[in-house]
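**Student:** Hey, dropping coords34.pdb in here, PDB, C-alpha atoms:
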ATOM      1  CA  MET A  21     -33.386 -18.525 -85.615
ATOM      2  CA  ALA A  22     -32.086 -16.532 -88.601
ATOM      3  CA  ASP A  23     -33.200 -19.334 -90.943
ATOM      4  CA  GLN A  24     -36.819 -18.996 -89.799
ATOM      5  CA  VAL A  25     -39.228 -17.352 -92.184
ATOM      6  CA  PHE A  26     -39.805 -13.672 -91.454
ATOM      7  CA  TRP A  27     -43.384 -14.057 -90.183
ATOM      8  CA  LYS A  28     -42.162 -16.445 -87.475
ATOM      9  CA  ARG A  29     -39.265 -14.304 -86.286
ATOM     10  CA  LYS A  30     -40.746 -10.814 -86.602
ATOM     11  CA  THR A  31     -43.791  -9.151 -85.163
ATOM     12  CA  LEU A  32     -46.155  -7.448 -87.570
ATOM     13  CA  GLN A  33     -44.732  -4.117 -86.428
ATOM     14  CA  GLU A  34     -41.144  -5.220 -87.189
ATOM     15  CA  MET A  35     -41.845  -6.227 -90.783
ATOM     16  CA  SER A  36     -40.637  -4.222 -93.746
ATOM     17  CA  GLN A  37     -43.231  -2.815 -96.129
ATOM     18  CA  THR A  38     -42.415  -5.574 -98.622
ATOM     19  CA  GLU A  39     -42.819  -8.289 -95.990
ATOM     20  CA  TRP A  40     -46.054  -6.707 -94.772
ATOM     21  CA  GLU A  41     -47.502  -6.533 -98.283
ATOM     22  CA  SER A  42     -46.486 -10.145 -99.005
ATOM     23  CA  LEU A  43     -48.747 -11.339 -96.191
ATOM     24  CA  CYS A  44     -51.767 -10.576 -98.334
ATOM     25  CA  ASP A  45     -52.898 -13.927 -99.698
ATOM     26  CA  GLY A  46     -55.039 -12.412-102.455
ATOM     27  CA  CYS A  47     -58.330 -13.782-101.138
ATOM     28  CA  GLY A  48     -60.257 -10.586-101.936
ATOM     29  CA  LYS A  49     -62.323 -10.781 -98.754
ATOM     30  CA  CYS A  50     -61.291  -7.329 -97.583
ATOM     31  CA  CYS A  51     -62.710  -5.968-100.871
ATOM     32  CA  LEU A  52     -66.174  -7.216 -99.981
ATOM     33  CA  GLN A  53     -68.390  -4.408 -98.743
ATOM     34  CA  LYS A  54     -69.193  -4.748 -95.083
ATOM     35  CA  LEU A  55     -72.017  -3.512 -92.907
ATOM     36  CA  GLU A  56     -71.639  -2.806 -89.196
ATOM     37  CA  ASP A  57     -74.563  -3.196 -86.830
ATOM     38  CA  GLU A  58     -74.705   0.056 -84.882
ATOM     39  CA  ASP A  59     -76.262  -1.685 -81.869
ATOM     40  CA  ASP A  60     -73.792  -4.497 -81.258
ATOM     41  CA  GLY A  61     -70.801  -3.579 -83.463
ATOM     42  CA  MET A  62     -71.001  -6.841 -85.428
ATOM     43  CA  VAL A  63     -69.535  -6.675 -88.917
ATOM     44  CA  TYR A  64     -71.396  -8.415 -91.719
ATOM     45  CA  TYR A  65     -69.818  -9.215 -95.071
ATOM     46  CA  THR A  66     -71.803  -8.924 -98.278
ATOM     47  CA  ARG A  67     -71.492 -10.298-101.813
ATOM     48  CA  VAL A  68     -71.077  -6.691-102.917
ATOM     49  CA  VAL A  69     -67.476  -6.150-103.956
ATOM     50  CA  CYS A  70     -65.435  -3.088-104.743
ATOM     51  CA  ARG A  71     -65.760  -2.177-108.410
ATOM     52  CA  TYR A  72     -61.956  -2.251-108.766
ATOM     53  CA  MET A  73     -61.507  -5.912-107.812
ATOM     54  CA  THR A  74     -60.323  -8.041-110.727
ATOM     55  CA  ASP A  75     -61.194 -11.667-111.536
ATOM     56  CA  ASP A  76     -58.016 -12.810-109.787
ATOM     57  CA  CYS A  77     -59.116 -11.054-106.546
ATOM     58  CA  ARG A  78     -56.640  -8.207-106.847
ATOM     59  CA  CYS A  79     -57.213  -4.460-107.009
ATOM     60  CA  SER A  80     -56.949  -2.907-110.454
ATOM     61  CA  GLU A  81     -56.297   0.483-108.834
ATOM     62  CA  TYR A  82     -54.130  -0.564-105.894
ATOM     63  CA  GLN A  83     -51.800   2.454-105.988
ATOM     64  CA  ASN A  84     -54.710   4.928-106.215
ATOM     65  CA  ARG A  85     -57.279   3.021-104.160
ATOM     66  CA  HIS A  86     -57.468   5.501-101.296
ATOM     67  CA  GLU A  87     -58.143   8.413-103.594
ATOM     68  CA  LEU A  88     -60.747   6.486-105.611
ATOM     69  CA  VAL A  89     -62.374   4.757-102.621
ATOM     70  CA  PRO A  90     -61.851   6.866 -99.490
ATOM     71  CA  ASN A  91     -63.173   4.148 -97.175
ATOM     72  CA  CYS A  92     -60.968   1.450 -98.709
ATOM     73  CA  VAL A  93     -59.425  -0.868 -96.138
ATOM     74  CA  TRP A  94     -55.886   0.154 -95.298
ATOM     75  CA  LEU A  95     -54.252  -2.373 -93.011
ATOM     76  CA  ARG A  96     -51.344  -1.034 -91.015
ATOM     77  CA  PRO A  97     -49.228  -2.677 -88.307
ATOM     78  CA  GLU A  98     -50.246  -0.044 -85.758
ATOM     79  CA  ASP A  99     -53.884  -1.117 -86.138
ATOM     80  CA  VAL A 100     -53.341  -4.782 -85.209
ATOM     81  CA  GLU A 101     -55.641  -4.586 -82.181
ATOM     82  CA  ASN A 102     -58.504  -3.684 -84.528
ATOM     83  CA  PHE A 103     -58.078  -6.677 -86.839
ATOM     84  CA  PHE A 104     -60.965  -8.558 -85.160
ATOM     85  CA  TRP A 105     -63.238  -7.759 -88.115
ATOM     86  CA  LEU A 106     -60.938  -9.404 -90.647
ATOM     87  CA  PRO A 107     -61.916 -12.916 -91.757
ATOM     88  CA  SER A 108     -60.424 -15.715 -89.688
ATOM     89  CA  THR A 109     -58.438 -16.806 -92.768
ATOM     90  CA  CYS A 110     -56.637 -13.457 -93.143
ATOM     91  CA  ALA A 111     -52.867 -13.685 -92.600
ATOM     92  CA  TYR A 112     -52.784 -10.345 -90.788
ATOM     93  CA  ARG A 113     -55.377 -11.538 -88.284
ATOM     94  CA  ILE A 114     -53.845 -15.023 -88.057
ATOM     95  CA  LEU A 115     -50.431 -13.634 -87.138
ATOM     96  CA  ALA A 116     -51.898 -10.970 -84.833
ATOM     97  CA  GLU A 117     -53.615 -13.803 -82.932
ATOM     98  CA  GLY A 118     -50.351 -15.761 -82.658
ATOM     99  CA  ARG A 119     -51.319 -18.511 -85.097
ATOM    100  CA  ASP A 120     -49.205 -19.791 -88.001
ATOM    101  CA  LEU A 121     -49.968 -19.308 -91.653
ATOM    102  CA  PRO A 122     -52.033 -22.141 -93.183
ATOM    103  CA  LEU A 123     -50.624 -24.521 -95.774
ATOM    104  CA  TRP A 124     -52.586 -22.893 -98.626
ATOM    105  CA  HIS A 125     -51.090 -19.442 -97.983
ATOM    106  CA  PRO A 126     -48.854 -18.413-100.931
ATOM    107  CA  LEU A 127     -45.866 -17.746 -98.641
ATOM    108  CA  VAL A 128     -46.096 -21.320 -97.336
ATOM    109  CA  SER A 129     -47.232 -23.193-100.449
ATOM    110  CA  GLY A 130     -45.327 -21.126-102.998
ATOM    111  CA  ASP A 131     -48.462 -21.265-105.157
ATOM    112  CA  PRO A 132     -50.478 -18.014-105.433
ATOM    113  CA  HIS A 133     -53.334 -19.916-107.125
ATOM    114  CA  LEU A 134     -53.837 -22.519-104.402
ATOM    115  CA  ILE A 135     -55.986 -20.126-102.358
ATOM    116  CA  HIS A 136     -58.502 -20.094-105.212
ATOM    117  CA  ALA A 137     -58.337 -23.867-105.751
ATOM    118  CA  VAL A 138     -59.235 -24.557-102.106
ATOM    119  CA  ASN A 139     -62.052 -21.957-102.172
ATOM    120  CA  ILE A 140     -60.563 -19.674 -99.538
ATOM    121  CA  SER A 141     -60.777 -16.687-101.879
ATOM    122  CA  VAL A 142     -63.947 -14.994-103.090
ATOM    123  CA  SER A 143     -63.284 -16.120-106.686
ATOM    124  CA  HIS A 144     -65.930 -18.851-106.354
ATOM    125  CA  MET A 145     -68.625 -16.468-105.077
ATOM    126  CA  ASP A 146     -71.423 -14.842-107.040
ATOM    127  CA  LEU A 147     -70.349 -11.218-106.542
ATOM    128  CA  VAL A 148     -71.875  -7.940-107.625
ATOM    129  CA  ALA A 149     -69.901  -4.706-108.071
ATOM    130  CA  ASP A 150     -70.667  -1.905-105.634
ATOM    131  CA  ASP A 151     -71.435   0.507-108.446
ATOM    132  CA  GLN A 152     -74.218  -1.839-109.612
ATOM    133  CA  VAL A 153     -76.171  -1.951-106.326
ATOM    134  CA  PRO A 154     -77.407   1.042-104.312
ATOM    135  CA  GLU A 155     -75.790   1.101-100.880
ATOM    136  CA  ASP A 156     -79.235   1.041 -99.257
ATOM    137  CA  ASP A 157     -79.719  -2.431-100.759
ATOM    138  CA  TRP A 158     -76.448  -3.975 -99.564
ATOM    139  CA  GLN A 159     -78.206  -5.618 -96.611
ATOM    140  CA  ASN A 160     -79.909  -7.878 -99.188
ATOM    141  CA  TYR A 161     -76.488  -9.318-100.052
ATOM    142  CA  VAL A 162     -75.237 -10.281 -96.565
ATOM    143  CA  ILE A 163     -73.449 -13.637 -96.484
ATOM    144  CA  ASP A 164     -73.101 -16.025 -93.571
ATOM    145  CA  ASN A 165     -69.370 -16.591 -93.543
ATOM    146  CA  VAL A 166     -66.227 -15.618 -95.376
TER     147      VAL A 166
END
Take the structure in the file and write it out as structure tokens.

**Tutor:**
Amino acid sequence: MADQVFWKRKTLQEMSQTEWESLCDGCGKCCLQKLEDEDDGMVYYTRVVCRYMTDDCRCSEYQNRHELVPNCVWLRPEDVENFFWLPSTCAYRILAEGRDLPLWHPLVSGDPHLIHAVNISVSHMDLVADDQVPEDDWQNYVIDNV
């Protein structure tokens, strides 16, 4: 059992901060602006992306993101039961649902660029920065799936 990879032998709550952070596959989907339908609670992703996301789907202001963007997503192990809104490809959601990491995930493949090559990340999408579109217009950028 000790030779198993950490995500197979530990719960999300048991992981160290480093292990937790390494689960992020760099897809950039959590940096897409989302809209929630007040009537049914459905979450809709848009092509509007946080202004701090870089071309490689990473945050240019990761350490200061919560000060710069107060509503920035902050995934924590204690919030696992609320991960339903995350994309089905997200490692945090995958593990919370008891599934195994896919072959393209950097921890499995060893290749942090594979996620972009297989179009799991948002790098192939036509995105617009959130400081370029008024929030009232975000509904015009809703996408079908992420």

**Student:** Using all atoms listed in the file, what residues lie at most 8 Å away from (-70.8, -4.2, -95.9) (file coordinates), given as an MDAnalysis selection string?

**Tutor:** chainID A and resid 52:56 63:66 68 158:159 162

**Student:** Please evaluate the PyMOL selection byres ((chain A and resi 122-132) around 8) against the displayed coordinates and give the resulting residues as a list in words.

**Tutor:**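 For this structure, the PyMOL selection byres ((chain A and resi 122-132) around 8) resolves to Ser42, Leu43, Asp45, Gly46, Asp120, Leu121, His133, Leu134, Ile135 and Val138 of chain A.
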
**Student:** Could you check which of A:Val89, A:Ile114, A:Ile163, A:Met73 is closest to Ser143 in chain A, using all atoms listed in the file?

**Tutor:**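 Among the listed residues, the smallest separation from Ser143 in chain A belongs to A:Met73.
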
**Student:** So what does the PyMOL selection byres ((chain A and resi 69) around 7) actually pick up in this one, as a ChimeraX atom specification?

**Tutor:** /A:51-53,67-68,70-71,147-150

**Student:** One decimal, Å: what's the distance from CA of His144 in chain A over to CA of Lys49 in chain A, could you say?

**Tutor:**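 CA of His144 in chain A sits 11.7 Å away from CA of Lys49 in chain A.
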